[in-house]
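Text of start02.pdb, listed as PDB, C-alpha atoms:
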MODEL        1
ATOM      1  CA  MET A 142       0.000   0.000   0.000
ATOM      2  CA  MET A 143       2.747   2.418   1.005
ATOM      3  CA  GLU A 144       4.805   1.504  -2.093
ATOM      4  CA  SER A 145       1.971   2.256  -4.502
ATOM      5  CA  GLY A 146       1.339   5.539  -2.662
ATOM      6  CA  ILE A 147       4.919   6.658  -3.291
ATOM      7  CA  ILE A 148       4.681   5.671  -6.967
ATOM      8  CA  ASN A 149       1.412   7.625  -7.265
ATOM      9  CA  ILE A 150       3.034  10.709  -5.791
ATOM     10  CA  LEU A 151       6.060  10.413  -8.105
ATOM     11  CA  VAL A 152       3.846  10.058 -11.199
ATOM     12  CA  ASP A 153       1.717  12.983 -10.078
ATOM     13  CA  ILE A 154       4.713  15.223  -9.433
ATOM     14  CA  SER A 155       6.421  14.409 -12.738
ATOM     15  CA  LEU A 156       3.235  14.966 -14.756
ATOM     16  CA  MET A 157       2.605  18.280 -13.008
ATOM     17  CA  THR A 158       6.200  19.349 -13.721
ATOM     18  CA  LEU A 159       5.767  18.424 -17.401
ATOM     19  CA  LEU A 160       2.647  20.601 -17.465
ATOM     20  CA  GLY A 161       4.655  23.532 -16.128
ATOM     21  CA  ILE A 162       7.353  23.038 -18.784
ATOM     22  CA  THR A 163       4.722  22.884 -21.551
ATOM     23  CA  ALA A 164       3.099  26.088 -20.292
ATOM     24  CA  ILE A 165       6.465  27.870 -20.341
ATOM     25  CA  GLY A 166       6.920  26.577 -23.904
ATOM     26  CA  ILE A 167       3.575  28.168 -24.816
ATOM     27  CA  VAL A 168       4.744  31.511 -23.425
ATOM     28  CA  ARG A 169       8.060  31.384 -25.293
ATOM     29  CA  SER A 170       6.993  30.226 -28.759
ATOM     30  CA  ARG A 171       6.218  32.934 -31.292
ATOM     31  CA  ASN A 172       4.909  30.557 -33.935
ATOM     32  CA  LEU A 173       1.137  30.213 -33.467
ATOM     33  CA  PHE A 174       1.129  26.780 -35.109
ATOM     34  CA  ALA A 175       3.584  25.542 -32.456
ATOM     35  CA  THR A 176       1.446  27.213 -29.796
ATOM     36  CA  ALA A 177      -1.659  25.335 -30.945
ATOM     37  CA  MET A 178       0.246  22.026 -30.893
ATOM     38  CA  LEU A 179       1.688  22.764 -27.442
ATOM     39  CA  SER A 180      -1.762  23.560 -26.098
ATOM     40  CA  GLY A 181      -2.937  20.193 -27.454
ATOM     41  CA  ILE A 182      -0.035  18.517 -25.624
ATOM     42  CA  TYR A 183      -0.921  20.497 -22.500
ATOM     43  CA  SER A 184      -4.494  19.168 -22.657
ATOM     44  CA  LEU A 185      -3.310  15.576 -23.145
ATOM     45  CA  ILE A 186      -0.934  15.755 -20.166
ATOM     46  CA  SER A 187      -3.674  17.260 -18.036
ATOM     47  CA  ALA A 188      -5.945  14.370 -19.087
ATOM     48  CA  ALA A 189      -3.241  12.012 -17.758
ATOM     49  CA  VAL A 190      -3.157  14.005 -14.504
ATOM     50  CA  PHE A 191      -6.937  13.617 -14.219
ATOM     51  CA  VAL A 192      -6.560   9.845 -14.526
ATOM     52  CA  THR A 193      -4.033   9.772 -11.692
ATOM     53  CA  LEU A 194      -6.448  11.876  -9.617
ATOM     54  CA  ASP A 195      -9.263   9.300 -10.183
ATOM     55  CA  ALA A 196     -11.326  11.586 -12.422
ATOM     56  CA  VAL A 197     -11.656   9.198 -15.362
ATOM     57  CA  ASP A 198     -14.747  10.860 -16.864
ATOM     58  CA  VAL A 199     -13.064  14.250 -16.775
ATOM     59  CA  ALA A 200      -9.924  12.800 -18.371
ATOM     60  CA  PHE A 201     -12.041  11.336 -21.151
ATOM     61  CA  THR A 202     -13.746  14.646 -21.870
ATOM     62  CA  GLU A 203     -10.529  16.647 -21.620
ATOM     63  CA  ALA A 204      -8.747  14.357 -24.100
ATOM     64  CA  ALA A 205     -11.619  14.480 -26.587
ATOM     65  CA  VAL A 206     -12.637  18.117 -26.225
ATOM     66  CA  GLY A 207      -9.496  19.877 -24.980
ATOM     67  CA  ALA A 208      -6.881  18.066 -27.040
ATOM     68  CA  GLY A 209      -9.106  17.251 -30.031
ATOM     69  CA  ILE A 210     -11.772  19.824 -30.813
ATOM     70  CA  SER A 211      -9.995  22.836 -29.333
ATOM     71  CA  THR A 212      -6.821  22.145 -31.378
ATOM     72  CA  VAL A 213      -8.913  21.774 -34.542
ATOM     73  CA  LEU A 214     -10.692  25.081 -33.803
ATOM     74  CA  MET A 215      -7.347  26.768 -33.156
ATOM     75  CA  LEU A 216      -5.897  25.507 -36.455
ATOM     76  CA  GLY A 217      -9.061  26.550 -38.315
ATOM     77  CA  ALA A 218      -8.860  30.054 -36.886
ATOM     78  CA  MET A 219      -5.188  30.181 -37.839
ATOM     79  CA  THR A 220      -5.857  29.414 -41.509
ATOM     80  CA  LEU A 221      -8.270  32.367 -41.517
ATOM     81  CA  THR A 222      -5.841  34.711 -39.729
ATOM     82  CA  ARG A 223      -2.059  34.336 -39.519
ATOM     83  CA  ARG A 224       0.589  31.810 -38.562
ATOM     84  CA  SER A 225       2.905  33.722 -36.269
ATOM     85  CA  GLU A 226       2.997  36.620 -33.850
ATOM     86  CA  LYS A 227       4.337  39.894 -35.175
ATOM     87  CA  HIS A 228       6.221  41.113 -32.114
ATOM     88  CA  ALA A 229       9.243  39.422 -30.561
ATOM     89  CA  ILE A 230       8.784  37.738 -27.191
ATOM     90  CA  LYS A 231      10.113  40.019 -24.482
ATOM     91  CA  LEU A 232       9.530  40.229 -20.770
ATOM     92  CA  HIS A 233       6.894  42.790 -19.773
ATOM     93  CA  ILE A 234       7.639  44.082 -16.298
ATOM     94  CA  GLY A 235       4.147  45.343 -15.379
ATOM     95  CA  PRO A 236       2.246  42.100 -16.119
ATOM     96  CA  LEU A 237       5.074  40.116 -14.472
ATOM     97  CA  PHE A 238       4.640  42.040 -11.212
ATOM     98  CA  VAL A 239       0.855  41.643 -11.353
ATOM     99  CA  THR A 240       1.076  37.866 -11.864
ATOM    100  CA  ILE A 241       3.777  37.395  -9.205
ATOM    101  CA  GLY A 242       1.680  39.430  -6.749
ATOM    102  CA  ILE A 243      -1.500  37.441  -7.385
ATOM    103  CA  GLY A 244       0.449  34.165  -7.350
ATOM    104  CA  ALA A 245       2.024  34.988  -3.979
ATOM    105  CA  ALA A 246      -1.414  35.799  -2.541
ATOM    106  CA  LEU A 247      -2.848  32.516  -3.845
ATOM    107  CA  ILE A 248       0.075  30.481  -2.465
ATOM    108  CA  TYR A 249      -0.432  32.223   0.893
ATOM    109  CA  GLY A 250      -4.046  31.032   0.656
ATOM    110  CA  THR A 251      -3.043  27.383   0.119
ATOM    111  CA  VAL A 252      -1.422  27.263   3.580
ATOM    112  CA  ASP A 253      -4.856  26.950   5.201
ATOM    113  CA  MET A 254      -6.155  24.383   2.731
ATOM    114  CA  PRO A 255      -6.678  20.736   3.685
ATOM    115  CA  PRO A 256      -3.644  18.606   2.704
ATOM    116  CA  PHE A 257      -3.738  16.959  -0.712
ATOM    117  CA  GLY A 258      -5.603  13.632  -0.585
ATOM    118  CA  SER A 259      -7.188  14.194   2.824
ATOM    119  CA  THR A 260     -10.697  12.815   3.296
ATOM    120  CA  ASP A 261     -11.358  15.114   6.285
ATOM    121  CA  ALA A 262     -11.822  18.023   3.877
ATOM    122  CA  PRO A 263     -15.250  19.702   4.142
ATOM    123  CA  GLY A 264     -15.981  18.757   0.537
ATOM    124  CA  PHE A 265     -16.108  15.082   1.526
ATOM    125  CA  GLN A 266     -18.408  15.558   4.509
ATOM    126  CA  HIS A 267     -21.354  17.574   3.315
ATOM    127  CA  ILE A 268     -23.521  15.965   0.650
ATOM    128  CA  VAL A 269     -21.257  13.540  -1.180
ATOM    129  CA  PRO A 270     -21.968  10.493   1.055
ATOM    130  CA  GLU A 271     -25.675  10.956   0.279
ATOM    131  CA  TYR A 272     -24.952  11.087  -3.434
ATOM    132  CA  ILE A 273     -22.912   7.878  -3.241
ATOM    133  CA  ALA A 274     -25.591   6.039  -1.232
ATOM    134  CA  GLY A 275     -28.354   7.394  -3.468
ATOM    135  CA  SER A 276     -26.515   6.353  -6.590
ATOM    136  CA  ARG A 277     -26.325   2.804  -5.229
ATOM    137  CA  ASP A 278     -29.845   2.523  -3.766
ATOM    138  CA  ASP A 279     -32.122   4.942  -5.628
ATOM    139  CA  ILE A 280     -30.708   5.568  -9.076
ATOM    140  CA  GLN A 281     -28.792   2.301  -9.457
ATOM    141  CA  VAL A 282     -26.248   3.569 -11.958
ATOM    142  CA  PRO A 283     -22.778   2.180 -11.185
ATOM    143  CA  ASN A 284     -20.995   5.332 -12.319
ATOM    144  CA  ILE A 285     -21.656   7.895  -9.582
ATOM    145  CA  VAL A 286     -20.558  10.778 -11.806
ATOM    146  CA  THR A 287     -23.262   9.863 -14.322
ATOM    147  CA  SER A 288     -25.994   9.728 -11.722
ATOM    148  CA  ILE A 289     -25.036  13.109 -10.251
ATOM    149  CA  LEU A 290     -24.661  14.711 -13.679
ATOM    150  CA  ALA A 291     -27.937  13.496 -15.093
ATOM    151  CA  SER A 292     -30.100  13.301 -11.990
ATOM    152  CA  TYR A 293     -29.013  15.199  -8.863
ATOM    153  CA  ARG A 294     -27.584  18.132 -10.775
ATOM    154  CA  GLY A 295     -29.552  17.795 -14.014
ATOM    155  CA  PHE A 296     -30.318  21.532 -14.109
ATOM    156  CA  ASP A 297     -26.579  22.258 -14.366
ATOM    157  CA  THR A 298     -26.504  20.204 -17.511
ATOM    158  CA  LEU A 299     -29.579  22.000 -18.825
ATOM    159  CA  GLY A 300     -27.841  25.335 -18.218
ATOM    160  CA  GLU A 301     -24.731  24.026 -19.960
ATOM    161  CA  THR A 302     -26.774  23.197 -23.064
ATOM    162  CA  ALA A 303     -28.217  26.722 -23.009
ATOM    163  CA  VAL A 304     -24.679  28.188 -22.906
ATOM    164  CA  ILE A 305     -23.535  26.021 -25.800
ATOM    165  CA  PHE A 306     -26.621  27.000 -27.782
ATOM    166  CA  ALA A 307     -25.942  30.708 -27.154
ATOM    167  CA  ALA A 308     -22.271  30.317 -28.156
ATOM    168  CA  GLY A 309     -23.275  28.438 -31.316
ATOM    169  CA  ILE A 310     -25.718  31.216 -32.267
ATOM    170  CA  GLY A 311     -22.982  33.777 -31.599
ATOM    171  CA  VAL A 312     -20.462  32.000 -33.851
ATOM    172  CA  LEU A 313     -23.143  31.668 -36.526
ATOM    173  CA  PHE A 314     -23.899  35.402 -36.434
ATOM    174  CA  LEU A 315     -20.205  36.366 -36.413
ATOM    175  CA  LEU A 316     -19.063  34.118 -39.249
ATOM    176  CA  GLY A 317     -22.243  33.119 -41.085
ATOM    177  CA  ARG A 318     -23.316  36.650 -42.065
ATOM    178  CA  ARG A 319     -19.968  37.353 -43.657
ATOM    179  CA  ARG A 320     -20.606  35.024 -46.606
ATOM    180  CA  GLU A 321     -23.831  36.797 -47.572
ATOM    181  CA  ASP A 322     -22.251  40.213 -47.040
ATOM    182  CA  GLU A 323     -19.293  39.366 -49.223
ATOM    183  CA  GLU A 324     -21.546  38.729 -52.197
ATOM    184  CA  ALA A 325     -23.830  41.712 -51.569
ATOM    185  CA  ASP A 326     -21.197  44.257 -50.530
ATOM    186  CA  GLU A 327     -18.719  43.713 -53.340
ATOM    187  CA  SER A 328     -19.680  47.038 -54.930
ATOM    188  CA  SER A 329     -20.388  49.184 -51.859
ATOM    189  CA  ASN A 330     -17.249  48.051 -50.028
ATOM    190  CA  SER A 331     -14.855  50.208 -52.087
ATOM    191  CA  GLY A 332     -16.586  53.436 -50.958
ATOM    192  CA  LYS A 333     -16.434  52.439 -47.295
ATOM    193  CA  GLY A 334     -12.782  51.481 -47.561
ATOM    194  CA  GLU A 335     -11.743  55.048 -48.492
ATOM    195  CA  ASP A 336     -13.358  56.551 -45.408
ATOM    196  CA  ALA A 337     -11.422  54.274 -43.070
TER     197      ALA A 337
ATOM    198  CA  MET B  29       9.296  20.621   5.172
ATOM    199  CA  LEU B  30       9.034  17.667   2.800
ATOM    200  CA  GLU B  31       5.594  16.890   4.194
ATOM    201  CA  LEU B  32       4.419  20.443   3.552
ATOM    202  CA  PHE B  33       5.816  20.201   0.008
ATOM    203  CA  LEU B  34       3.978  16.914  -0.670
ATOM    204  CA  ASP B  35       0.760  18.227   0.901
ATOM    205  CA  LYS B  36       0.674  21.358  -1.209
ATOM    206  CA  TYR B  37       2.638  20.470  -4.375
ATOM    207  CA  ASN B  38      -0.453  20.098  -6.568
ATOM    208  CA  TYR B  39      -1.920  23.395  -5.404
ATOM    209  CA  TRP B  40       1.354  25.241  -5.944
ATOM    210  CA  ILE B  41       1.811  23.919  -9.470
ATOM    211  CA  VAL B  42      -1.795  24.867 -10.211
ATOM    212  CA  VAL B  43      -1.084  28.414  -9.003
ATOM    213  CA  VAL B  44       2.054  28.578 -11.193
ATOM    214  CA  LEU B  45       0.131  27.360 -14.272
ATOM    215  CA  MET B  46      -2.657  29.832 -13.537
ATOM    216  CA  MET B  47      -0.194  32.693 -13.354
ATOM    217  CA  ILE B  48       1.496  31.621 -16.618
ATOM    218  CA  GLY B  49      -1.936  31.704 -18.294
ATOM    219  CA  LEU B  50      -2.732  35.102 -16.777
ATOM    220  CA  TYR B  51       0.660  36.457 -17.898
ATOM    221  CA  ILE B  52      -0.033  35.329 -21.494
ATOM    222  CA  VAL B  53      -3.457  36.993 -21.421
ATOM    223  CA  ILE B  54      -2.063  40.304 -20.127
ATOM    224  CA  ALA B  55       1.332  40.537 -21.810
ATOM    225  CA  ARG B  56       0.986  39.013 -25.288
ATOM    226  CA  GLY B  57      -0.627  41.238 -27.902
ATOM    227  CA  ASN B  58      -1.685  38.518 -30.338
ATOM    228  CA  LEU B  59      -5.368  37.684 -29.936
ATOM    229  CA  VAL B  60      -5.049  33.942 -30.746
ATOM    230  CA  LYS B  61      -2.239  33.684 -28.171
ATOM    231  CA  LYS B  62      -4.457  35.380 -25.612
ATOM    232  CA  ILE B  63      -7.109  32.695 -26.123
ATOM    233  CA  VAL B  64      -4.492  29.950 -25.678
ATOM    234  CA  GLY B  65      -3.474  31.687 -22.428
ATOM    235  CA  LEU B  66      -7.094  31.699 -21.315
ATOM    236  CA  ASN B  67      -7.250  27.950 -21.995
ATOM    237  CA  VAL B  68      -4.132  27.341 -19.880
ATOM    238  CA  PHE B  69      -5.683  29.351 -17.048
ATOM    239  CA  GLN B  70      -8.951  27.446 -17.360
ATOM    240  CA  THR B  71      -7.341  23.991 -17.346
ATOM    241  CA  SER B  72      -5.370  24.903 -14.218
ATOM    242  CA  VAL B  73      -8.637  25.746 -12.437
ATOM    243  CA  PHE B  74     -10.000  22.346 -13.491
ATOM    244  CA  MET B  75      -6.926  20.685 -12.047
ATOM    245  CA  PHE B  76      -7.395  22.579  -8.775
ATOM    246  CA  TYR B  77     -10.960  21.286  -8.402
ATOM    247  CA  ILE B  78      -9.999  17.702  -9.232
ATOM    248  CA  SER B  79      -7.036  17.857  -6.800
ATOM    249  CA  LEU B  80      -9.434  18.931  -4.043
ATOM    250  CA  GLY B  81     -11.597  15.869  -4.725
ATOM    251  CA  LYS B  82      -8.749  13.329  -4.573
ATOM    252  CA  ALA B  83      -8.917  10.884  -1.648
ATOM    253  CA  GLU B  84      -5.700   9.234  -0.478
ATOM    254  CA  GLY B  85      -5.963   5.562  -1.456
ATOM    255  CA  GLY B  86      -9.338   6.133  -3.111
ATOM    256  CA  THR B  87     -10.529   4.888  -6.476
ATOM    257  CA  ALA B  88     -12.529   6.327  -9.349
ATOM    258  CA  PRO B  89     -16.168   6.836  -8.236
ATOM    259  CA  ILE B  90     -17.643   3.753  -9.889
ATOM    260  CA  LEU B  91     -19.657   1.297  -7.778
ATOM    261  CA  THR B  92     -18.347  -2.254  -7.958
ATOM    262  CA  GLY B  93     -20.400  -3.777  -5.134
ATOM    263  CA  LYS B  94     -17.467  -3.855  -2.726
ATOM    264  CA  PRO B  95     -17.202  -1.219   0.006
ATOM    265  CA  GLU B  96     -14.522   1.158  -1.199
ATOM    266  CA  LEU B  97     -13.191   4.645  -0.636
ATOM    267  CA  PHE B  98     -14.121   6.874  -3.568
ATOM    268  CA  SER B  99     -12.647  10.172  -4.641
ATOM    269  CA  ASN B 100     -15.158  12.990  -4.434
ATOM    270  CA  PRO B 101     -17.424  12.741  -7.530
ATOM    271  CA  LEU B 102     -18.988  16.189  -7.168
ATOM    272  CA  PRO B 103     -16.008  18.224  -8.487
ATOM    273  CA  HIS B 104     -15.798  15.767 -11.395
ATOM    274  CA  VAL B 105     -19.368  16.609 -12.389
ATOM    275  CA  LEU B 106     -18.794  20.359 -12.095
ATOM    276  CA  ILE B 107     -15.630  20.173 -14.188
ATOM    277  CA  LEU B 108     -17.269  18.037 -16.884
ATOM    278  CA  THR B 109     -19.760  20.874 -17.344
ATOM    279  CA  ALA B 110     -16.990  23.488 -17.231
ATOM    280  CA  ILE B 111     -14.890  21.757 -19.922
ATOM    281  CA  VAL B 112     -17.783  21.777 -22.376
ATOM    282  CA  VAL B 113     -18.684  25.392 -21.583
ATOM    283  CA  GLY B 114     -14.985  26.249 -21.975
ATOM    284  CA  ILE B 115     -14.835  24.894 -25.515
ATOM    285  CA  ALA B 116     -17.979  26.898 -26.383
ATOM    286  CA  THR B 117     -16.386  30.144 -25.169
ATOM    287  CA  THR B 118     -13.120  29.297 -26.975
ATOM    288  CA  ALA B 119     -15.053  28.826 -30.214
ATOM    289  CA  LEU B 120     -16.829  32.159 -29.727
ATOM    290  CA  GLY B 121     -13.524  33.921 -28.957
ATOM    291  CA  LEU B 122     -11.842  32.500 -32.053
ATOM    292  CA  ALA B 123     -14.834  33.528 -34.176
ATOM    293  CA  LEU B 124     -14.440  37.079 -32.821
ATOM    294  CA  VAL B 125     -10.724  36.998 -33.725
ATOM    295  CA  VAL B 126     -11.535  35.898 -37.286
ATOM    296  CA  ARG B 127     -14.118  38.698 -37.561
ATOM    297  CA  ILE B 128     -11.645  41.293 -36.230
ATOM    298  CA  ARG B 129      -9.054  40.125 -38.732
ATOM    299  CA  GLU B 130     -11.581  40.638 -41.541
ATOM    300  CA  SER B 131     -12.413  44.201 -40.495
ATOM    301  CA  TYR B 132      -8.936  45.389 -39.437
ATOM    302  CA  ASP B 133      -6.603  43.016 -41.300
ATOM    303  CA  THR B 134      -4.553  42.456 -38.132
ATOM    304  CA  ILE B 135      -4.885  40.503 -34.867
ATOM    305  CA  GLU B 136      -2.200  42.391 -32.931
ATOM    306  CA  GLU B 137      -3.623  44.438 -30.093
ATOM    307  CA  ASP B 138      -1.374  47.501 -30.446
ATOM    308  CA  GLU B 139      -2.073  47.821 -34.184
ATOM    309  CA  LEU B 140      -5.826  47.597 -33.550
ATOM    310  CA  GLU B 141      -5.515  50.372 -30.976
ATOM    311  CA  GLY B 142      -3.446  52.521 -33.365
ATOM    312  CA  MET B 143      -6.073  52.116 -36.107
ATOM    313  CA  ASP B 144      -8.921  53.052 -33.780
ATOM    314  CA  ASN B 145      -7.022  56.134 -32.569
ATOM    315  CA  ALA B 146      -6.264  57.168 -36.159
ATOM    316  CA  VAL B 147      -9.979  56.925 -37.031
ATOM    317  CA  VAL B 148     -10.874  59.055 -34.011
ATOM    318  CA  THR B 149      -8.334  61.780 -34.873
ATOM    319  CA  THR B 150      -9.353  61.990 -38.554
ATOM    320  CA  GLU B 151     -12.990  62.077 -37.519
ATOM    321  CA  ARG B 152     -12.286  64.908 -35.052
ATOM    322  CA  ALA B 153     -10.361  66.845 -37.716
ATOM    323  CA  ARG B 154     -13.196  66.369 -40.214
ATOM    324  CA  LEU B 155     -15.820  67.575 -37.732
ATOM    325  CA  GLY B 156     -13.631  70.529 -36.724
ATOM    326  CA  THR B 157     -13.263  71.784 -40.337
ATOM    327  CA  GLY B 158     -16.985  71.133 -40.897
ATOM    328  CA  ASP B 159     -17.862  73.461 -38.005
ATOM    329  CA  ALA B 160     -15.494  76.159 -39.255
ATOM    330  CA  ALA B 161     -17.075  76.050 -42.716
TER     331      ALA B 161
ENDMDL
END
Could you write out this structure as structure tokens?
Amino acid sequence: MMESGIINILVDISLMTLLGITAIGIVRSRNLFATAMLSGIYSLISAAVFVTLDAVDVAFTEAAVGAGISTVLMLGAMTLTRRSEKHAIKLHIGPLFVTIGIGAALIYGTVDMPPFGSTDAPGFQHIVPEYIAGSRDDIQVPNIVTSILASYRGFDTLGETAVIFAAGIGVLFLLGRRREDEEADESSNSGKGEDA
Amino acid sequence: MLELFLDKYNYWIVVVLMMIGLYIVIARGNLVKKIVGLNVFQTSVFMFYISLGKAEGGTAPILTGKPELFSNPLPHVLILTAIVVGIATTALGLALVVRIRESYDTIEEDELEGMDNAVVTTERARLGTGDAA
């Protein structure tokens, strides 16, 4: 038991360190294509972290959505815009101070947090035991995450669908109208261009 | 000291990742890069939630009939929702970037600002001469 605990901790620490290295790579690369690929790698590593933290459903979704769809969207946007950043990467002092300040405050906040892996944390005491018992006795779905998602917190999922619908409508209005405009505005566009 | 490090390592790395994402959002002028930074920030928040739900020696929250210690399934549910909402907002942000590129022909923040300022000054000059005439 103790052996496997040490191995778990080592795997967790090395994956987390890899994530940090990938994030620094994202900051330092000027090529947007490389950035998109690195963010895909970042999502895949974080999916592996989720597996080690017992969140298999989350890992599944992160690998499919974060590493798959989001990379495809990023590449699609890049073909419509440009491939690399114009300005060289240099250190900006103001933002650096802001982030270091906020980071220090957050790390100060972690001192009072329950230790990693502790089951005495308030999050384990309040309603979760009821959910686990209810999933076994009332809903009878073996996967507790499924029964909470679809039953106990079904309205969350309803709200999520509403958000996705709104975002889809937004993308449609932003990009769909352009095609009609392009055909209609071919003639009137030249006049507008001079004003700007 | 080592115990403190092991207790808090996950949280500290999450804070570092969060700050890297925030730095990209504030400091980089390229709009696509900003959205990547936002994604990094977002994923680090996910990792924070999932870390909070981890139980030492626990397993994935799937009932097998045996009495077992499960990791907390509630953060998993919240983060499942958040991942899907996150991809929706990313898509909307990228669509905005594509639209901005069509109108301004650039996705660098400083150039966009310069163009807007130039429009304002020419407009002011035009109105000023119009009043004089």
Counting only C-alpha atoms, the option among B:Asn67, B:Gly49, B:Thr87, B:Tyr39 closest to Val113 (chain B)
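Of the candidates, the smallest distance to Val113 (chain B) is held by B:Asn67.
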Could the residues of chain A that have an atom at most 6 Å from chain B be listed as a Markdown table, each with its closest atom pair and the distance in Å to one decimal, counting all atoms listed in the file and ordered by chain and ascending residue number?
| residue | atom | partner | partner_atom | distance |
| --- | --- | --- | --- | --- |
| A:Leu194 | CA | B:Lys82 | CA | 5.7 |
| A:Asp195 | CA | B:Ala88 | CA | 4.5 |
| A:Val199 | CA | B:Leu108 | CA | 5.7 |
| A:Pro236 | CA | B:Ala55 | CA | 6.0 |
| A:Thr240 | CA | B:Met47 | CA | 5.5 |
| A:Pro256 | CA | B:Asp35 | CA | 4.8 |
| A:Phe257 | CA | B:Asp35 | CA | 4.9 |
| A:Gly258 | CA | B:Glu84 | CA | 4.4 |
| A:Ser259 | CA | B:Ala83 | CA | 5.8 |
| A:Thr260 | CA | B:Ala83 | CA | 5.6 |
| A:Pro283 | CA | B:Leu91 | CA | 4.7 |
| A:Asn284 | CA | B:Ile90 | CA | 4.4 |
| A:Ile285 | CA | B:Pro89 | CA | 5.7 |
| A:Val286 | CA | B:Pro101 | CA | 5.7 |
| A:Leu290 | CA | B:Val105 | CA | 5.8 |
| A:Ile305 | CA | B:Ala116 | CA | 5.7 |
| A:Ala308 | CA | B:Ala116 | CA | 5.8 |
| A:Val312 | CA | B:Leu120 | CA | 5.5 |
Record the distance separating CA of Leu313 (chain A) and CA of Ala218 (chain A), expressed in Å with one decimal.
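According to the coordinates, CA of Leu313 (chain A) and CA of Ala218 (chain A) are separated by 14.4 Å.
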Using all atoms listed in the file, which protein or nucleic acid residues come within 9 Å of Val152 (chain A)? Drop anything in the same chain fewer than 5 positions from it, and give the result as a count of residues only.
4
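Take CA of Ala246 (chain A) and CA of Gln70 (chain B): the distance between them is 18.6 Å.
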Just to confirm, what's the straight-line distance from CA of Val197 (chain A) to CA of Thr176 (chain A) in Å (one decimal)?
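Going from CA of Val197 (chain A) over to CA of Thr176 (chain A) covers 26.5 Å.
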Let me make sure I understand: among B:Glu96, B:Leu30, B:Ser131, B:Glu137, which one has the smallest atom-to-atom distance to Lys62 (chain B) if we use only C-alpha atoms?
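Looking only at the distances to Lys62 (chain B), the closest residue turns out to be B:Glu137.
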For Phe76 (chain B), the nearest of the candidates A:Leu315, A:Ala274, A:Ala245, A:Met254, counting all atoms listed in the file:
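The shortest atom-to-atom distance to Phe76 (chain B) comes from A:Met254.
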Would you translate the PyMOL selection byres ((chain A and resi 183-186) around 6) into the concrete set of residues it matches in this file, as a ChimeraX atom specification?
/A:180-182,187-189,204,207-208
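When only C-alpha atoms are used to compute distances to Asp279 (chain A), the closest of the residues A:Ala200, A:Ser292, A:Val206, A:Gly311 turns out to be A:Ser292.
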Which centre and which edge lengths, in Å to one decimal, describe the axis-aligned box that holds all listed atoms of region 103-110 of chain B after 8 Å is added on each side, as JSON?
{"center_x": -17.7, "center_y": 19.6, "center_z": -12.9, "size_x": 20.1, "size_y": 23.7, "size_z": 24.9}
